[in-house]
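K.L.:
Structure: coords-v7.cif, mmCIF, C-alpha atoms and all ligand atoms.
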```cif
data_my_file
#
loop_
_atom_site.label_atom_id
_atom_site.label_comp_id
_atom_site.auth_asym_id
_atom_site.auth_seq_id
_atom_site.Cartn_x
_atom_site.Cartn_y
_atom_site.Cartn_z
CA ASN A 13 -8.91 -5.87 -38.76
CA ARG A 14 -6.49 -5.26 -35.85
CA LYS A 15 -7.72 -5.86 -32.30
CA PRO A 16 -7.44 -2.80 -30.01
CA LYS A 17 -4.55 -3.08 -27.58
CA ILE A 18 -5.23 -2.66 -23.88
CA LEU A 19 -2.17 -2.13 -21.75
CA ILE A 20 -2.34 -2.36 -17.96
CA LEU A 21 0.63 -1.00 -15.98
CA GLY A 22 1.12 -2.41 -12.49
CA ALA A 23 -0.30 -5.59 -10.98
CA GLY A 24 -1.38 -4.20 -7.61
CA TYR A 25 -4.96 -4.16 -6.37
CA GLY A 26 -6.14 -1.92 -9.20
CA GLY A 27 -4.20 -3.44 -12.12
CA MET A 28 -4.57 -7.06 -11.09
CA MET A 29 -8.31 -6.80 -10.55
CA THR A 30 -8.77 -4.93 -13.84
CA ALA A 31 -6.94 -7.75 -15.65
CA SER A 32 -8.97 -10.32 -13.79
CA ARG A 33 -12.24 -8.58 -14.76
CA LEU A 34 -11.19 -8.23 -18.41
CA GLN A 35 -10.28 -11.90 -18.72
CA LYS A 36 -13.80 -12.97 -17.76
CA GLY A 37 -15.93 -14.17 -20.70
CA ASN A 38 -14.69 -13.85 -24.27
CA PHE A 39 -13.49 -10.27 -24.26
CA HIS A 40 -10.02 -11.41 -25.31
CA GLN A 41 -11.52 -12.17 -28.73
CA ASP A 42 -12.27 -8.45 -29.14
CA ALA A 43 -9.09 -6.99 -27.65
CA GLU A 44 -5.44 -7.80 -26.99
CA ILE A 45 -4.86 -7.41 -23.24
CA THR A 46 -1.37 -7.00 -21.74
CA LEU A 47 -0.41 -6.65 -18.09
CA VAL A 48 3.04 -5.34 -17.15
CA ASN A 49 4.54 -5.60 -13.67
CA LYS A 50 7.98 -5.20 -12.16
CA HIS A 51 7.88 -8.64 -10.54
CA ASP A 52 6.32 -11.92 -11.57
CA TYR A 53 4.25 -11.86 -8.39
CA HIS A 54 1.36 -9.82 -7.06
CA TYR A 55 1.62 -8.79 -3.42
CA GLN A 56 -0.82 -7.53 -0.87
CA THR A 57 0.37 -4.05 -0.02
CA THR A 58 -2.14 -3.85 2.85
CA TRP A 59 -0.41 -6.76 4.63
CA LEU A 60 3.15 -5.46 4.37
CA HIS A 61 3.38 -4.15 7.95
CA GLU A 62 3.33 -7.77 9.11
CA PRO A 63 6.37 -9.15 7.24
CA ALA A 64 8.09 -5.80 7.97
CA ALA A 65 7.87 -6.53 11.69
CA GLY A 66 8.47 -10.25 11.15
CA THR A 67 5.08 -11.45 12.39
CA LEU A 68 4.19 -13.04 9.02
CA HIS A 69 6.38 -14.63 6.36
CA HIS A 70 6.60 -12.42 3.25
CA ASP A 71 5.66 -15.32 0.97
CA ARG A 72 2.20 -15.29 2.53
CA THR A 73 1.63 -11.83 1.06
CA ARG A 74 2.55 -12.66 -2.52
CA MET A 75 1.34 -14.92 -5.31
CA LYS A 76 2.55 -15.71 -8.78
CA ILE A 77 0.69 -13.56 -11.33
CA THR A 78 0.43 -16.34 -13.89
CA ASP A 79 -1.28 -18.54 -11.30
CA ILE A 80 -4.15 -16.07 -11.32
CA ILE A 81 -4.11 -14.51 -14.77
CA ASP A 82 -5.13 -16.76 -17.65
CA THR A 83 -2.26 -16.24 -20.07
CA HIS A 84 -4.40 -17.48 -22.98
CA LYS A 85 -6.44 -14.34 -22.49
CA VAL A 86 -4.02 -11.79 -20.99
CA ASN A 87 -0.33 -11.44 -21.95
CA PHE A 88 1.87 -10.95 -18.94
CA ILE A 89 5.18 -9.11 -19.25
CA LYS A 90 7.58 -8.97 -16.31
CA ASP A 91 9.39 -5.67 -16.75
CA SER A 92 9.64 -2.21 -15.23
CA VAL A 93 7.82 0.76 -16.68
CA VAL A 94 10.28 3.58 -17.33
CA SER A 95 8.11 6.24 -18.99
CA ILE A 96 4.80 6.89 -20.70
CA ASP A 97 4.53 8.84 -23.96
CA LYS A 98 0.84 9.71 -23.99
CA GLU A 99 0.99 11.74 -27.22
CA ASN A 100 2.32 8.80 -29.24
CA LYS A 101 0.55 6.17 -27.12
CA LYS A 102 3.71 4.32 -26.23
CA VAL A 103 5.14 2.97 -22.99
CA LYS A 104 8.84 2.46 -22.50
CA LEU A 105 9.86 -0.51 -20.38
CA ASP A 106 13.38 -1.46 -19.33
CA LYS A 107 13.69 -4.02 -22.11
CA GLU A 108 11.17 -3.03 -24.79
CA GLU A 109 8.61 -0.49 -25.92
CA LEU A 110 4.88 -1.17 -26.19
CA ASP A 111 2.08 0.73 -27.85
CA TYR A 112 -1.56 0.89 -26.80
CA ASP A 113 -5.03 1.96 -27.75
CA TYR A 114 -6.23 2.04 -24.15
CA LEU A 115 -3.94 2.44 -21.17
CA VAL A 116 -4.64 1.61 -17.52
CA ILE A 117 -2.17 3.12 -15.05
CA GLY A 118 -2.10 1.28 -11.72
CA LEU A 119 1.50 1.89 -10.66
CA GLY A 120 0.72 2.55 -6.99
CA SER A 121 2.52 5.00 -4.77
CA GLN A 122 5.82 6.07 -3.33
CA PRO A 123 6.61 7.53 0.07
CA GLU A 124 5.81 11.18 0.70
CA THR A 125 8.78 12.84 2.41
CA PHE A 126 7.49 16.44 2.39
CA GLY A 127 11.02 17.43 1.42
CA ILE A 128 12.34 16.58 4.90
CA PRO A 129 16.11 16.15 4.53
CA GLY A 130 17.66 12.73 4.96
CA VAL A 131 14.54 10.60 4.62
CA TYR A 132 15.52 8.88 1.38
CA ASP A 133 19.04 8.19 2.58
CA HIS A 134 18.42 7.12 6.18
CA ALA A 135 14.87 5.82 6.58
CA PHE A 136 13.18 2.56 5.61
CA SER A 137 9.81 2.38 3.87
CA ILE A 138 6.97 -0.12 3.76
CA ARG A 139 6.23 -0.32 0.07
CA SER A 140 7.16 -3.67 -1.45
CA VAL A 141 8.06 -7.23 -0.51
CA ASN A 142 11.75 -6.40 -0.87
CA SER A 143 11.58 -3.20 1.17
CA VAL A 144 9.89 -4.98 4.08
CA ARG A 145 12.29 -7.93 3.99
CA LEU A 146 15.04 -5.40 4.49
CA ILE A 147 13.27 -3.93 7.52
CA ARG A 148 12.74 -7.33 9.15
CA GLU A 149 16.35 -8.43 8.54
CA HIS A 150 17.67 -5.10 9.76
CA ILE A 151 15.67 -5.27 13.01
CA GLU A 152 17.00 -8.75 13.72
CA TYR A 153 20.50 -7.61 12.93
CA MET A 154 20.13 -4.78 15.46
CA PHE A 155 19.20 -7.30 18.16
CA ALA A 156 22.05 -9.60 17.19
CA SER A 157 24.55 -6.71 17.14
CA TYR A 158 23.57 -5.35 20.54
CA ASN A 159 24.95 -8.39 22.32
CA LYS A 160 28.28 -8.14 20.56
CA GLN A 161 29.22 -4.83 22.13
CA ASP A 162 30.84 -4.37 25.52
CA GLU A 163 29.72 -0.77 25.74
CA LYS A 164 26.05 -0.99 24.87
CA ASP A 165 24.72 1.31 22.14
CA ASP A 166 21.05 1.90 22.89
CA SER A 167 20.39 3.37 19.46
CA LEU A 168 20.55 -0.22 18.15
CA LEU A 169 17.43 -1.03 20.13
CA THR A 170 15.58 2.24 19.53
CA PHE A 171 12.93 1.96 16.84
CA VAL A 172 11.31 5.07 15.41
CA VAL A 173 8.19 5.01 13.30
CA ALA A 174 7.68 8.37 11.60
CA GLY A 175 3.97 9.01 11.06
CA ALA A 176 1.10 7.73 13.20
CA GLY A 177 -1.36 7.42 10.34
CA PHE A 178 -2.89 4.14 9.30
CA THR A 179 0.31 2.42 8.10
CA GLY A 180 2.47 3.74 10.95
CA ILE A 181 0.03 2.56 13.60
CA GLU A 182 -0.42 -0.85 11.97
CA PHE A 183 3.36 -1.29 11.81
CA VAL A 184 4.05 -0.14 15.36
CA GLY A 185 1.28 -2.51 16.50
CA GLU A 186 3.03 -5.47 14.84
CA LEU A 187 6.42 -4.33 16.07
CA SER A 188 5.18 -4.12 19.66
CA GLU A 189 4.03 -7.72 19.36
CA ARG A 190 7.32 -8.85 17.85
CA ILE A 191 9.71 -7.08 20.27
CA PRO A 192 9.06 -9.40 23.25
CA GLU A 193 9.76 -12.41 21.00
CA LEU A 194 13.01 -10.87 19.77
CA CYS A 195 14.05 -10.03 23.34
CA GLU A 196 13.51 -13.65 24.25
CA GLU A 197 15.35 -14.94 21.18
CA TYR A 198 18.38 -12.68 21.66
CA ASP A 199 18.57 -12.72 25.50
CA ILE A 200 17.86 -9.03 25.81
CA ALA A 201 15.85 -7.43 28.61
CA ARG A 202 12.65 -5.79 27.36
CA GLU A 203 13.47 -2.50 29.11
CA ASN A 204 16.50 -2.03 26.85
CA VAL A 205 14.22 -1.59 23.83
CA SER A 206 12.44 1.71 22.98
CA MET A 207 9.73 2.30 20.41
CA TYR A 208 8.59 5.74 19.25
CA SER A 209 5.60 6.71 17.16
CA ILE A 210 6.06 10.30 15.99
CA GLU A 211 3.30 12.35 14.41
CA ALA A 212 3.22 15.96 13.22
CA ALA A 213 -0.60 16.26 13.31
CA PRO A 214 -2.41 17.01 16.60
CA THR A 215 -3.61 13.40 16.86
CA ALA A 216 -2.61 9.88 15.96
CA LEU A 217 -4.74 8.36 13.18
CA PRO A 218 -6.09 11.70 11.95
CA GLY A 219 -9.65 11.32 10.70
CA PHE A 220 -10.41 8.23 12.80
CA ASP A 221 -13.04 8.10 15.53
CA GLU A 222 -11.59 9.69 18.70
CA GLU A 223 -12.69 6.96 21.06
CA LEU A 224 -11.03 4.31 18.87
CA VAL A 225 -7.85 6.38 18.60
CA GLU A 226 -7.72 6.51 22.38
CA TYR A 227 -8.23 2.75 22.59
CA ALA A 228 -5.39 2.19 20.11
CA MET A 229 -3.00 4.56 21.87
CA ASN A 230 -3.68 3.11 25.31
CA LEU A 231 -3.14 -0.40 24.03
CA LEU A 232 0.08 0.46 22.23
CA GLU A 233 1.38 2.44 25.21
CA SER A 234 0.75 -0.60 27.39
CA ARG A 235 3.02 -2.52 25.01
CA GLY A 236 5.74 0.10 25.42
CA VAL A 237 5.19 2.50 22.53
CA ASN A 238 6.10 6.16 23.25
CA PHE A 239 3.90 8.56 21.34
CA LYS A 240 5.13 11.97 20.31
CA ILE A 241 2.10 13.67 18.81
CA ASN A 242 2.05 17.20 17.42
CA THR A 243 5.78 16.80 16.92
CA PRO A 244 7.07 17.41 13.39
CA ILE A 245 10.34 15.79 12.34
CA LYS A 246 12.89 18.30 11.08
CA GLU A 247 15.55 16.04 9.66
CA VAL A 248 16.76 12.46 9.54
CA GLN A 249 20.49 11.83 9.79
CA ASP A 250 22.52 8.66 9.92
CA GLY A 251 21.47 7.16 13.27
CA LYS A 252 19.42 10.19 14.39
CA VAL A 253 16.00 11.77 14.15
CA LEU A 254 15.89 15.51 14.77
CA LEU A 255 12.56 16.81 16.02
CA ASP A 256 11.20 20.32 15.58
CA ASP A 257 11.12 20.84 19.36
CA GLY A 258 14.88 20.35 19.55
CA GLU A 259 14.91 16.77 20.83
CA VAL A 260 17.21 14.31 19.10
CA ILE A 261 16.45 10.58 19.15
CA ASP A 262 19.40 8.30 18.48
CA SER A 263 18.08 5.38 16.45
CA GLN A 264 19.47 3.02 13.87
CA THR A 265 15.99 2.12 12.64
CA ILE A 266 13.69 4.81 11.29
CA VAL A 267 10.67 3.59 9.38
CA TRP A 268 9.00 6.30 7.31
CA THR A 269 5.21 6.12 7.06
CA THR A 270 4.02 9.70 6.71
CA GLY A 271 1.80 9.03 3.74
CA VAL A 272 2.23 8.43 0.04
CA ARG A 273 2.17 10.20 -3.27
CA GLY A 274 1.34 8.76 -6.68
CA ASN A 275 4.09 7.02 -8.66
CA SER A 276 6.37 9.72 -10.14
CA ILE A 277 6.11 8.13 -13.62
CA VAL A 278 2.63 9.63 -13.88
CA GLU A 279 3.77 13.19 -13.22
CA GLU A 280 6.82 12.72 -15.46
CA ALA A 281 4.46 11.72 -18.30
CA GLY A 282 2.98 15.23 -18.12
CA PHE A 283 -0.37 14.44 -16.54
CA GLU A 284 -1.49 17.21 -14.25
CA ALA A 285 -1.14 15.84 -10.75
CA MET A 286 -1.42 16.78 -7.08
CA ARG A 287 1.13 14.90 -4.97
CA GLY A 288 1.54 12.60 -7.96
CA ARG A 289 -2.17 11.81 -8.18
CA VAL A 290 -4.31 12.71 -11.18
CA LYS A 291 -7.82 14.02 -10.64
CA VAL A 292 -9.59 11.67 -13.02
CA ASP A 293 -12.97 12.28 -14.64
CA ALA A 294 -16.15 10.48 -13.59
CA ASN A 295 -15.25 7.53 -15.88
CA LEU A 296 -11.75 7.30 -14.32
CA ARG A 297 -9.96 8.80 -17.32
CA ALA A 298 -7.21 11.42 -17.28
CA PRO A 299 -8.69 14.79 -18.27
CA GLY A 300 -8.13 15.36 -21.99
CA HIS A 301 -7.02 11.75 -22.52
CA GLU A 302 -10.02 9.59 -23.21
CA ASP A 303 -7.81 6.56 -23.82
CA VAL A 304 -6.00 6.69 -20.45
CA PHE A 305 -7.53 5.29 -17.27
CA ILE A 306 -5.79 5.99 -13.95
CA ILE A 307 -6.72 3.96 -10.88
CA GLY A 308 -5.59 3.22 -7.35
CA ASP A 309 -3.01 5.37 -5.58
CA CYS A 310 -2.18 7.27 -8.80
CA ALA A 311 -5.75 8.60 -9.02
CA LEU A 312 -7.38 11.38 -7.04
CA ILE A 313 -11.09 11.17 -6.27
CA ILE A 314 -12.82 13.98 -4.42
CA ASN A 315 -15.24 13.22 -1.61
CA GLU A 316 -17.95 15.73 -2.56
CA GLU A 317 -19.42 15.71 0.96
CA ILE A 318 -16.34 17.31 2.47
CA ASN A 319 -14.73 18.57 -0.74
CA ARG A 320 -11.47 16.79 0.03
CA PRO A 321 -9.74 13.86 -1.66
CA TYR A 322 -10.49 10.37 -0.44
CA PRO A 323 -7.38 8.84 1.14
CA PRO A 324 -5.93 6.33 -1.32
CA THR A 325 -6.92 2.82 -0.30
CA ALA A 326 -7.02 -0.71 -1.64
CA GLN A 327 -10.76 -0.59 -1.09
CA ILE A 328 -11.10 2.23 -3.64
CA ALA A 329 -8.53 0.70 -6.03
CA ILE A 330 -10.51 -2.55 -6.11
CA GLN A 331 -13.83 -0.78 -6.68
CA GLN A 332 -12.27 1.30 -9.45
CA SER A 333 -11.10 -1.83 -11.26
CA TYR A 334 -14.72 -2.87 -11.84
CA THR A 335 -15.68 0.51 -13.34
CA CYS A 336 -12.45 0.67 -15.33
CA ALA A 337 -12.90 -2.83 -16.83
CA ASN A 338 -16.55 -2.15 -17.70
CA ASN A 339 -15.66 1.16 -19.33
CA ILE A 340 -12.89 -0.37 -21.41
CA LYS A 341 -15.30 -3.02 -22.63
CA ALA A 342 -17.84 -0.34 -23.55
CA LEU A 343 -15.23 1.65 -25.49
CA VAL A 344 -13.95 -1.39 -27.36
CA LYS A 345 -17.49 -2.45 -28.23
CA GLY A 346 -18.39 1.09 -29.31
CA THR A 347 -21.18 1.41 -26.75
CA GLU A 348 -19.97 4.65 -25.18
CA GLU A 349 -23.42 5.39 -23.82
CA GLU A 350 -22.77 2.56 -21.36
CA LEU A 351 -19.74 4.24 -19.74
CA GLU A 352 -20.07 4.00 -15.97
CA GLU A 353 -19.39 6.76 -13.48
CA PHE A 354 -17.27 5.80 -10.51
CA GLN A 355 -18.84 6.24 -7.11
CA PRO A 356 -16.83 4.98 -4.14
CA ASP A 357 -18.77 2.92 -1.65
CA ILE A 358 -16.75 3.14 1.57
CA LYS A 359 -17.76 0.13 3.63
CA GLY A 360 -15.53 0.99 6.56
CA THR A 361 -11.95 1.05 7.75
CA VAL A 362 -10.24 -1.38 10.08
CA ALA A 363 -6.67 -0.93 11.36
CA SER A 364 -4.87 -3.88 12.90
CA LEU A 365 -2.87 -3.28 16.09
CA GLY A 366 -0.95 -6.57 16.15
CA GLY A 367 -1.91 -9.88 17.68
CA LYS A 368 -5.64 -10.20 18.01
CA GLU A 369 -6.21 -6.47 18.39
CA ALA A 370 -7.65 -3.97 15.92
CA ILE A 371 -9.95 -0.96 15.74
CA GLY A 372 -12.40 0.01 13.05
CA VAL A 373 -15.62 1.47 11.87
CA VAL A 374 -17.82 -0.69 9.65
CA GLY A 375 -21.02 0.95 8.47
CA ASP A 376 -21.90 3.02 11.53
CA ARG A 377 -20.58 0.47 14.03
CA LYS A 378 -17.42 0.97 16.01
CA LEU A 379 -15.37 -2.16 16.53
CA TYR A 380 -12.34 -2.88 18.65
CA GLY A 381 -10.42 -5.83 20.08
CA THR A 382 -10.89 -9.34 18.74
CA SER A 383 -14.08 -8.60 16.86
CA ALA A 384 -12.32 -5.87 14.87
CA SER A 385 -9.37 -8.17 14.24
CA THR A 386 -11.70 -10.90 12.93
CA VAL A 387 -13.41 -8.40 10.60
CA LYS A 388 -9.98 -7.32 9.35
CA LYS A 389 -9.11 -10.91 8.45
CA LEU A 390 -12.48 -11.33 6.71
CA ILE A 391 -11.76 -8.21 4.63
CA ASP A 392 -8.36 -9.64 3.66
CA ASN A 393 -9.94 -12.97 2.73
CA ARG A 394 -12.72 -11.29 0.76
CA TYR A 395 -10.18 -9.69 -1.56
CA LEU A 396 -8.52 -13.04 -2.20
CA TYR A 397 -11.96 -14.47 -2.94
CA LEU A 398 -12.71 -11.71 -5.48
CA LEU A 399 -9.35 -12.30 -7.14
CA GLY A 400 -8.99 -16.07 -7.18
CA GLY A 401 -12.09 -17.61 -5.59
CA MET A 402 -12.08 -20.11 -2.73
CA PRO A 403 -8.85 -21.91 -3.82
CA LEU A 404 -6.88 -18.67 -3.35
CA VAL A 405 -8.52 -18.03 0.05
CA LEU A 406 -7.50 -21.51 1.17
CA LYS A 407 -3.96 -21.08 -0.13
CA LYS A 408 -3.18 -17.53 1.02
CA GLY A 409 -6.02 -16.47 3.31
CA LYS A 410 -6.05 -15.73 7.02
CA LEU A 411 -7.91 -18.78 8.19
CA ASN A 412 -7.18 -18.45 11.88
CA LEU A 413 -10.03 -15.99 12.35
CA PHE A 414 -10.32 -15.70 16.13
P1 LIG B 501 -0.34 -1.25 -5.38
O1 LIG B 501 -1.23 -2.27 -4.79
O2 LIG B 501 0.70 -0.67 -4.50
O3 LIG B 501 0.36 -1.89 -6.65
C1 LIG B 501 1.24 -1.21 -7.52
C2 LIG B 501 1.92 -2.25 -8.38
O4 LIG B 501 2.68 -1.60 -9.38
C3 LIG B 501 2.88 -3.15 -7.61
O5 LIG B 501 2.68 -4.49 -7.97
C4 LIG B 501 4.26 -2.67 -8.07
O6 LIG B 501 5.23 -3.69 -8.06
C5 LIG B 501 3.95 -2.20 -9.47
N1 LIG B 501 4.90 -1.21 -9.97
C6 LIG B 501 5.27 -0.06 -9.35
N2 LIG B 501 6.14 0.62 -10.12
C7 LIG B 501 6.30 -0.10 -11.25
C8 LIG B 501 7.06 0.09 -12.45
N3 LIG B 501 7.82 1.16 -12.63
N4 LIG B 501 6.99 -0.86 -13.39
C9 LIG B 501 6.21 -1.96 -13.23
N5 LIG B 501 5.48 -2.18 -12.14
C10 LIG B 501 5.51 -1.27 -11.16
N6 LIG B 501 -5.88 0.16 2.09
C11 LIG B 501 -7.10 -0.30 2.49
O7 LIG B 501 -8.09 -0.15 1.75
N7 LIG B 501 -7.25 -0.97 3.68
C12 LIG B 501 -6.20 -1.23 4.49
O8 LIG B 501 -6.38 -1.84 5.55
C13 LIG B 501 -4.90 -0.77 4.10
N8 LIG B 501 -3.83 -1.05 4.86
C14 LIG B 501 -2.58 -0.69 4.44
C15 LIG B 501 -1.48 -1.10 5.18
C16 LIG B 501 -0.19 -0.79 4.75
C17 LIG B 501 0.98 -1.26 5.57
C18 LIG B 501 -0.01 -0.04 3.54
C19 LIG B 501 1.39 0.29 3.06
C20 LIG B 501 -1.11 0.37 2.80
C21 LIG B 501 -2.40 0.04 3.22
N9 LIG B 501 -3.54 0.40 2.48
C22 LIG B 501 -4.78 -0.05 2.88
C23 LIG B 501 -3.41 1.19 1.22
C24 LIG B 501 -3.36 0.27 0.00
O9 LIG B 501 -2.37 -0.71 0.17
C25 LIG B 501 -3.12 1.04 -1.28
O10 LIG B 501 -4.04 2.09 -1.38
C26 LIG B 501 -3.26 0.10 -2.50
O11 LIG B 501 -2.22 -0.85 -2.46
C27 LIG B 501 -3.25 0.84 -3.82
O12 LIG B 501 -3.40 -0.07 -4.85
P2 LIG B 501 -2.71 0.18 -6.27
O13 LIG B 501 -3.25 -0.85 -7.20
O14 LIG B 501 -2.84 1.61 -6.65
O15 LIG B 501 -1.16 -0.03 -6.01
#
```
Could you quickly redo this structure as structure tokens?
P.N.:
Amino acid sequence: NRKPKILILGAGYGGMMTASRLQKGNFHQDAEITLVNKHDYHYQTTWLHEPAAGTLHHDRTRMKITDIIDTHKVNFIKDSVVSIDKENKKVKLDKEELDYDYLVIGLGSQPETFGIPGVYDHAFSIRSVNSVRLIREHIEYMFASYNKQDEKDDSLLTFVVAGAGFTGIEFVGELSERIPELCEEYDIARENVSMYSIEAAPTALPGFDEELVEYAMNLLESRGVNFKINTPIKEVQDGKVLLDDGEVIDSQTIVWTTGVRGNSIVEEAGFEAMRGRVKVDANLRAPGHEDVFIIGDCALIINEEINRPYPPTAQIAIQQSYTCANNIKALVKGTEEELEEFQPDIKGTVASLGGKEAIGVVGDRKLYGTSASTVKKLIDNRYLYLLGGMPLVLKKGKLNLF
């Protein structure tokens, strides 16, 4: 009597928490659980703007998967997913092929470029530990290079952040904290450095409370950030950003944060997707594929109140992992009547602005300044607690709360 095989792809918020839920109790006696991830570590995507700017060491954002997953209960395979064959229930990895009875896709996102030319070739993105290490090293290299030249090239010290959504604002907040330190370290006057936050929409942080957006913009402007709102980018070239209004900004550092789409592997597998995200059913399964669960940034969930998709967040990915794990258990045990419907419970949103500054809405309360920044750290710590209990909070948490 063969045990059903459960295969989880991706050890981000969604995949890691699903594995962690499935390893609780004795479920491993009923099913063979396998988790596949590109790296042997799990990282906190929501913290990546910090190591990108160099305000936090990247090792603080990552942890070894086998320190958290009990390998007596869950097999861990370090490999990259190449493709999914949903008809034959097989997944091709770089080094081997696996089959499954139940699949969980938690492969996260990739940058949305809206087809704007030059983005892939000339812009950086905040998407993994390695991509943000490159940004931090590059920024430092720009500072170091500036001094070497007799005829100064200001594009070395011009930093452009494309997109003033959540990620763009969090990154530019960190960067504006880091720049004065770098100026000090490299003997460069602060006025030689320029920072731009460029946004196509009519406001920064679209969808956020207006008063908080104003607070954030005023604060960041006081740290030297130039906002260009309502200003689409036409093209990115080597060392240049071309704006729709004809302006050209010479910059050697363009960080692209205009939103994400679901991992292309999902679309390539033939699932019907919108910007790479699959509109899953109430139980989080791909329509027509009762054995495939899709969670996190690869899944699309509609907010019925406004009839628009929820923005993809870690908050939703984590909540989905609970429903997904419970539903897999119900299917394996043959108690389909116990399948749960997913209902997001949005507790709030807090965006950090660097240092001890943040803005957010929690419940119906608006927060800004230090109190928002403390809440942000508590949210970060809460996730670590859910994943690995108090020991993980003490090892990786943000303990300097105020
Ligand atoms: P991820 O957490 O991105 O994980 C995907 C995993 O899949 C990774 O481990 C990756 O290595 C792995 N993987 C990818 N491709 C392959 C492959 N081919 N083979 C094997 N493994 C693969 N959300 C919030 O709720 N609150 C916030 O404050 C917040 N802040 C953010 C700040 C920043 C700077 C960014 C970038 C995002 C932020 N988000 C925030 C959004 C949040 O990070 C994502 O919604 C969340 O990470 C999605 O979780 P996931 O499990 O779908 O994917």
K.L.:
CA of Glu369 (chain A) and CA of Ala65 (chain A) are how many Å apart?
P.N.:
15.6 Å
K.L.:
So that I can see what lies close to region 388-390 of chain A, please list as a list in words the residues with an atom at most 8 Å from it, counting only C-alpha atoms and leaving out residues fewer than 4 positions away in the same chain.
P.N.:
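Selected residues are Val362, Ala363, Ser364, Ala370, Ala384, Arg394, Lys410, Leu411 and Leu413 of chain A.
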K.L.:
Taking a cut-off of 7 Å and counting only C-alpha atoms, can you build a table that, for each residue of region 28-124 of chain A near region 323-338 of chain A, reports the nearest atom pair and how far apart they are in Å (one decimal), sorted by chain then residue number, as JSON lines?
P.N.:
```
{"residue": "A:Met29", "atom": "CA", "partner": "A:Ser333", "partner_atom": "CA", "distance": 5.7}
{"residue": "A:Thr30", "atom": "CA", "partner": "A:Ser333", "partner_atom": "CA", "distance": 4.7}
{"residue": "A:Arg33", "atom": "CA", "partner": "A:Ala337", "partner_atom": "CA", "distance": 6.1}
{"residue": "A:Leu34", "atom": "CA", "partner": "A:Ala337", "partner_atom": "CA", "distance": 5.9}
```
K.L.:
Can you write just those residues out, C-alpha atoms, as a PDB file, in the coordinates of the input?
P.N.:
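Below is the file result-v6.pdb, written as the result:
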```pdb
ATOM      1  CA  MET A  29      -8.310  -6.800 -10.550  1.00  0.00           C
ATOM      2  CA  THR A  30      -8.770  -4.930 -13.840  1.00  0.00           C
ATOM      3  CA  ARG A  33     -12.240  -8.580 -14.760  1.00  0.00           C
ATOM      4  CA  LEU A  34     -11.190  -8.230 -18.410  1.00  0.00           C
TER       5      LEU A  34
END
```
K.L.:
Please determine, counting only C-alpha atoms and all ligand atoms, which residue among A:Glu99, A:Asp52, A:Asp133, A:Glu203 has the shortest atom-to-atom distance to ligand LIG 501 (chain B).
P.N.:
A:Asp52
K.L.:
Compile the contact shell of Arg297 (chain A) as a VMD selection string: residues with an atom at most 10 Å away, counting all atoms listed in the file, same-chain residues fewer than 3 positions apart removed.
P.N.:
chain A and resid 115 to 117 290 to 294 300 to 307 311 336 339
K.L.:
Do you have the CA of Leu296 (chain A)-atom C9 of ligand LIG 501 (chain B) distance handy?
P.N.:
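For CA of Leu296 (chain A) relative to atom C9 of ligand LIG 501 (chain B), the distance reads 20.2 Å.
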